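**Q** mmCIF, C-alpha atoms, saved as target.cif, coming up:
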data_start
loop_
_atom_site.group_PDB
_atom_site.id
_atom_site.type_symbol
_atom_site.label_atom_id
_atom_site.label_comp_id
_atom_site.auth_asym_id
_atom_site.auth_seq_id
_atom_site.Cartn_x
_atom_site.Cartn_y
_atom_site.Cartn_z
ATOM 1 C CA MET O 1 66.753 92.381 349.994
ATOM 2 C CA SER O 2 68.948 94.561 347.812
ATOM 3 C CA ALA O 3 70.462 93.514 344.503
ATOM 4 C CA VAL O 4 73.961 93.725 346.008
ATOM 5 C CA ASN O 5 72.987 91.260 348.741
ATOM 6 C CA ILE O 6 71.536 88.855 346.179
ATOM 7 C CA TYR O 7 74.718 89.246 344.127
ATOM 8 C CA LYS O 8 76.786 88.554 347.231
ATOM 9 C CA ILE O 9 74.815 85.372 348.014
ATOM 10 C CA LEU O 10 75.077 84.137 344.423
ATOM 11 C CA SER O 11 78.812 84.905 344.427
ATOM 12 C CA PHE O 12 79.376 82.840 347.558
ATOM 13 C CA ILE O 13 77.394 79.976 346.032
ATOM 14 C CA LEU O 14 79.441 80.131 342.820
ATOM 15 C CA LEU O 15 82.846 80.455 344.496
ATOM 16 C CA PRO O 16 83.288 76.824 345.669
ATOM 17 C CA ILE O 17 81.849 75.574 342.381
ATOM 18 C CA GLY O 18 84.390 77.756 340.568
ATOM 19 C CA ALA O 19 87.210 76.289 342.650
ATOM 20 C CA LEU O 20 86.076 72.750 341.857
ATOM 21 C CA LEU O 21 85.702 73.563 338.167
ATOM 22 C CA GLY O 22 89.173 75.138 338.250
ATOM 23 C CA LEU O 23 90.648 71.838 339.416
ATOM 24 C CA ILE O 24 88.711 70.026 336.704
ATOM 25 C CA CYS O 25 90.141 72.492 334.166
ATOM 26 C CA LEU O 26 93.692 71.722 335.290
ATOM 27 C CA MET O 27 93.087 68.011 334.753
ATOM 28 C CA GLY O 28 91.358 68.822 331.467
ATOM 29 C CA LEU O 29 94.425 70.658 330.220
ATOM 30 C CA LEU O 30 96.440 67.474 330.671
ATOM 31 C CA LEU O 31 93.784 65.516 328.772
ATOM 32 C CA ALA O 32 93.733 68.129 326.007
ATOM 33 C CA ILE O 33 97.352 67.355 325.179
ATOM 34 C CA GLY O 34 96.260 63.957 323.887
ATOM 35 C CA ASN O 35 92.790 64.989 322.700
ATOM 36 C CA PRO O 36 92.650 68.490 321.186
ATOM 37 C CA SER O 37 88.912 68.144 320.477
ATOM 38 C CA ILE O 38 88.150 68.982 324.110
ATOM 39 C CA LEU O 39 89.932 72.350 323.921
ATOM 40 C CA LEU O 40 86.806 74.331 322.959
ATOM 41 C CA PRO O 41 84.551 73.066 325.779
ATOM 42 C CA LEU O 42 87.503 73.293 328.154
ATOM 43 C CA SER O 43 88.166 76.909 327.177
ATOM 44 C CA MET O 44 84.503 77.751 327.872
ATOM 45 C CA LEU O 45 84.846 76.145 331.289
ATOM 46 C CA ILE O 46 88.067 78.069 331.946
ATOM 47 C CA CYS O 47 86.318 81.331 331.015
ATOM 48 C CA THR O 48 83.529 80.463 333.447
ATOM 49 C CA VAL O 49 86.039 79.889 336.245
ATOM 50 C CA ILE O 50 87.802 83.161 335.427
ATOM 51 C CA TYR O 51 84.458 84.971 335.383
ATOM 52 C CA ILE O 52 83.494 83.622 338.814
ATOM 53 C CA PHE O 53 86.751 84.764 340.389
ATOM 54 C CA VAL O 54 87.059 88.182 338.729
ATOM 55 C CA SER O 55 83.431 89.006 339.504
ATOM 56 C CA PHE O 56 84.123 88.028 343.119
ATOM 57 C CA ILE O 57 87.058 90.457 343.153
ATOM 58 C CA PHE O 58 84.711 93.151 341.804
ATOM 59 C CA LEU O 59 82.188 92.339 344.526
ATOM 60 C CA GLN O 60 84.732 92.441 347.343
ATOM 61 C CA LYS O 61 86.794 95.385 346.189
ATOM 62 C CA GLY O 62 84.323 97.551 344.300
ATOM 63 C CA LEU O 63 80.812 96.919 345.545
ATOM 64 C CA LEU O 64 81.431 96.131 349.208
ATOM 65 C CA LYS O 65 84.487 98.296 349.964
ATOM 66 C CA GLY O 66 83.845 101.024 347.390
ATOM 67 C CA LEU O 67 87.449 100.941 346.173
ATOM 68 C CA LYS O 68 88.445 101.793 342.621
ATOM 69 C CA CYS O 69 88.987 98.870 340.274
ATOM 70 C CA LYS O 70 91.129 98.821 337.163
ATOM 71 C CA THR O 71 89.325 99.001 333.847
ATOM 72 C CA ALA O 72 91.042 95.732 332.959
ATOM 73 C CA LEU O 73 88.934 94.043 335.656
ATOM 74 C CA LYS O 74 85.789 95.324 333.949
ATOM 75 C CA ASP O 75 87.066 93.959 330.624
ATOM 76 C CA TRP O 76 87.864 90.569 332.188
ATOM 77 C CA ILE O 77 84.384 90.407 333.678
ATOM 78 C CA LYS O 78 82.611 91.395 330.474
ATOM 79 C CA VAL O 79 84.513 89.101 328.100
ATOM 80 C CA ASN O 80 84.308 86.086 330.358
ATOM 81 C CA ALA O 81 80.684 86.860 331.257
ATOM 82 C CA TYR O 82 79.592 86.469 327.642
ATOM 83 C CA VAL O 83 81.352 83.121 327.275
ATOM 84 C CA SER O 84 79.991 82.027 330.669
ATOM 85 C CA LEU O 85 76.506 83.103 329.623
ATOM 86 C CA PHE O 86 76.781 80.857 326.588
ATOM 87 C CA PHE O 87 78.017 77.992 328.784
ATOM 88 C CA ALA O 88 75.198 78.509 331.295
ATOM 89 C CA SER O 89 72.519 78.729 328.625
ATOM 90 C CA MET O 90 73.854 75.564 326.992
ATOM 91 C CA SER O 91 73.650 73.793 330.362
ATOM 92 C CA VAL O 92 70.000 74.786 330.714
ATOM 93 C CA VAL O 93 69.167 73.897 327.097
ATOM 94 C CA GLN O 94 70.846 70.500 327.421
ATOM 95 C CA PHE O 95 68.860 69.792 330.580
ATOM 96 C CA ILE O 96 65.610 70.749 328.872
ATOM 97 C CA THR O 97 66.473 68.634 325.825
ATOM 98 C CA LEU O 98 67.248 65.573 327.923
ATOM 99 C CA ALA O 99 64.184 66.135 330.114
ATOM 100 C CA ILE O 100 61.911 66.331 327.079
ATOM 101 C CA GLN O 101 63.587 63.402 325.317
ATOM 102 C CA PRO O 102 64.645 60.861 327.950
ATOM 103 C CA ALA O 103 65.487 58.403 325.175
ATOM 104 C CA LEU O 104 68.571 60.519 324.407
ATOM 105 C CA LEU O 105 69.778 60.131 327.973
ATOM 106 C CA GLN O 106 69.153 56.393 327.872
ATOM 107 C CA GLN O 107 71.029 56.154 324.562
ATOM 108 C CA PHE O 108 73.968 58.057 326.063
ATOM 109 C CA ILE O 109 73.996 55.738 329.088
ATOM 110 C CA THR O 110 73.890 52.671 326.862
ATOM 111 C CA GLN O 111 76.768 53.938 324.724
ATOM 112 C CA SER O 112 78.800 54.881 327.802
ATOM 113 C CA MET O 113 78.276 51.481 329.346
ATOM 114 C CA ALA O 114 79.349 49.767 326.109
ATOM 115 C CA THR O 115 82.715 51.537 326.214
ATOM 116 C CA GLN O 116 83.379 50.372 329.783
ATOM 117 C CA LYS O 117 84.481 46.750 329.597
ATOM 118 C CA ASN O 118 84.927 45.759 333.236
ATOM 119 C CA MET O 119 82.317 47.873 334.969
ATOM 120 C CA PRO O 120 80.806 46.226 338.047
ATOM 121 C CA PRO O 121 77.033 45.636 337.869
ATOM 122 C CA ASP O 122 76.450 47.915 340.875
ATOM 123 C CA ALA O 123 78.110 50.825 339.094
ATOM 124 C CA ALA O 124 76.047 50.174 335.981
ATOM 125 C CA ALA O 125 72.868 50.282 338.053
ATOM 126 C CA ILE O 126 73.586 53.676 339.624
ATOM 127 C CA MET O 127 74.910 55.307 336.437
ATOM 128 C CA PRO O 128 71.496 56.742 335.399
ATOM 129 C CA LYS O 129 71.014 58.257 338.873
ATOM 130 C CA ILE O 130 74.460 59.833 338.763
ATOM 131 C CA LEU O 131 73.877 61.314 335.315
ATOM 132 C CA LYS O 132 70.489 62.712 336.349
ATOM 133 C CA SER O 133 72.097 64.262 339.427
ATOM 134 C CA VAL O 134 74.771 65.843 337.225
ATOM 135 C CA MET O 135 72.034 67.149 334.916
ATOM 136 C CA TYR O 136 70.185 68.775 337.824
ATOM 137 C CA PHE O 137 73.437 70.202 339.166
ATOM 138 C CA PHE O 138 74.232 71.856 335.828
ATOM 139 C CA LEU O 139 70.681 73.139 335.519
ATOM 140 C CA THR O 140 70.946 74.794 338.937
ATOM 141 C CA PHE O 141 74.453 76.033 338.213
ATOM 142 C CA GLY O 142 73.379 77.429 334.847
ATOM 143 C CA VAL O 143 70.400 79.317 336.277
ATOM 144 C CA ILE O 144 72.440 80.762 339.156
ATOM 145 C CA LEU O 145 75.253 81.704 336.779
ATOM 146 C CA MET O 146 72.867 83.443 334.349
ATOM 147 C CA ALA O 147 71.328 85.460 337.191
ATOM 148 C CA HIS O 148 74.802 86.355 338.480
ATOM 149 C CA ILE O 149 75.971 87.438 335.029
ATOM 150 C CA ALA O 150 72.892 89.615 334.560
ATOM 151 C CA LEU O 151 73.600 91.318 337.881
ATOM 152 C CA SER O 152 77.311 91.703 337.065
ATOM 153 C CA LEU O 153 76.670 93.374 333.740
ATOM 154 C CA ASN O 154 74.056 95.600 335.359
ATOM 155 C CA PHE O 155 76.445 96.615 338.160
ATOM 156 C CA ILE O 156 79.222 97.366 335.666
ATOM 157 C CA LYS O 157 76.890 99.816 333.917
ATOM 158 C CA GLN O 158 75.502 101.182 337.179
ATOM 159 C CA TYR O 159 78.825 101.717 338.972
ATOM 160 C CA VAL O 160 80.971 103.140 336.162
ATOM 161 C CA ALA O 161 82.694 105.406 338.693
ATOM 162 C CA LEU O 162 84.272 102.359 340.388
ATOM 163 C CA PHE O 163 86.472 101.706 337.366
ATOM 164 C CA GLU O 164 89.473 104.002 337.087
ATOM 165 C CA GLU O 165 91.184 104.947 333.876
ATOM 166 C CA GLU O 166 94.675 103.588 333.451
#
What would you get if you wrote out this structure as structure tokens?

**A**
Amino acid sequence: MSAVNIYKILSFILLPIGALLGLICLMGLLLAIGNPSILLPLSMLICTVIYIFVSFIFLQKGLLKGLKCKTALKDWIKVNAYVSLFFASMSVVQFITLAIQPALLQQFITQSMATQKNMPPDAAAIMPKILKSVMYFFLTFGVILMAHIALSLNFIKQYVALFEEE
């Protein structure tokens, strides 16, 4: 299987996740109005969404159809790839940290439950399972995203001729 086919598969895996994260970002922007402390993590998430979509444009237009792409597209990919790489690596590191130290996860669950006053007992019972599922999701997402970014940056270097001068 060629690297372009692997890149294509990874892109199609990331695309629906990017759409979902894009919707989360829109809601996050509304939350950021009242809580500016979430702007930094939200901006990293926005960069990840942008990276997923601009790299998909590069795949469709440049790699698959062989059409020229603007150099601005290359810049968008590169800038957002570095931020997305940081986000993906943090997702993997956080998973590893919580896997090695399950007491941290339990402490987080306990603190989260304490802030929820009227939570039904059934919801409290499934909260650890939900958080572990989210952890595994972000681990998988982070690994796929890191592989995709590595391929993107490699393709940008390999296919310099696809980017036209403005």

**Q** Measuring between all atoms listed in the file, which one of O:Pro16, O:Ile50, O:Gly34, O:Leu59 shows the shortest distance to O:Phe155?

**A**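 Comparing O:Pro16, O:Ile50, O:Gly34, O:Leu59 against O:Phe155, the winner is O:Leu59.
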
**Q** Grab the atom CA of O:Lys68 to atom CA of O:Phe163 distance for me, in Å with one decimal place.

**A**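 Separating atom CA of O:Lys68 from atom CA of O:Phe163 is a distance of 5.6 Å.
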
**Q** Name every residue that the PyMOL selection byres ((chain O and resi 11) around 9) selects in this structure, writing the answer as a count of residues only with chains first and numbers rising.

**A** 15

**Q** Considering all atoms listed in the file, can you say which of O:Leu21, O:Val143, O:Leu131, O:Ile100 comes closest to O:Ser43?

**A**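 Residue with the minimum atom-to-atom distance to O:Ser43: O:Leu21.
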
**Q** Got a sec to resolve the PyMOL selection byres ((chain O and resi 75) around 12) on this structure and send the residues as a PyMOL selection string?

**A** chain O and resi 50-51+54-55+58+69-74+76-82+152-153+156+163
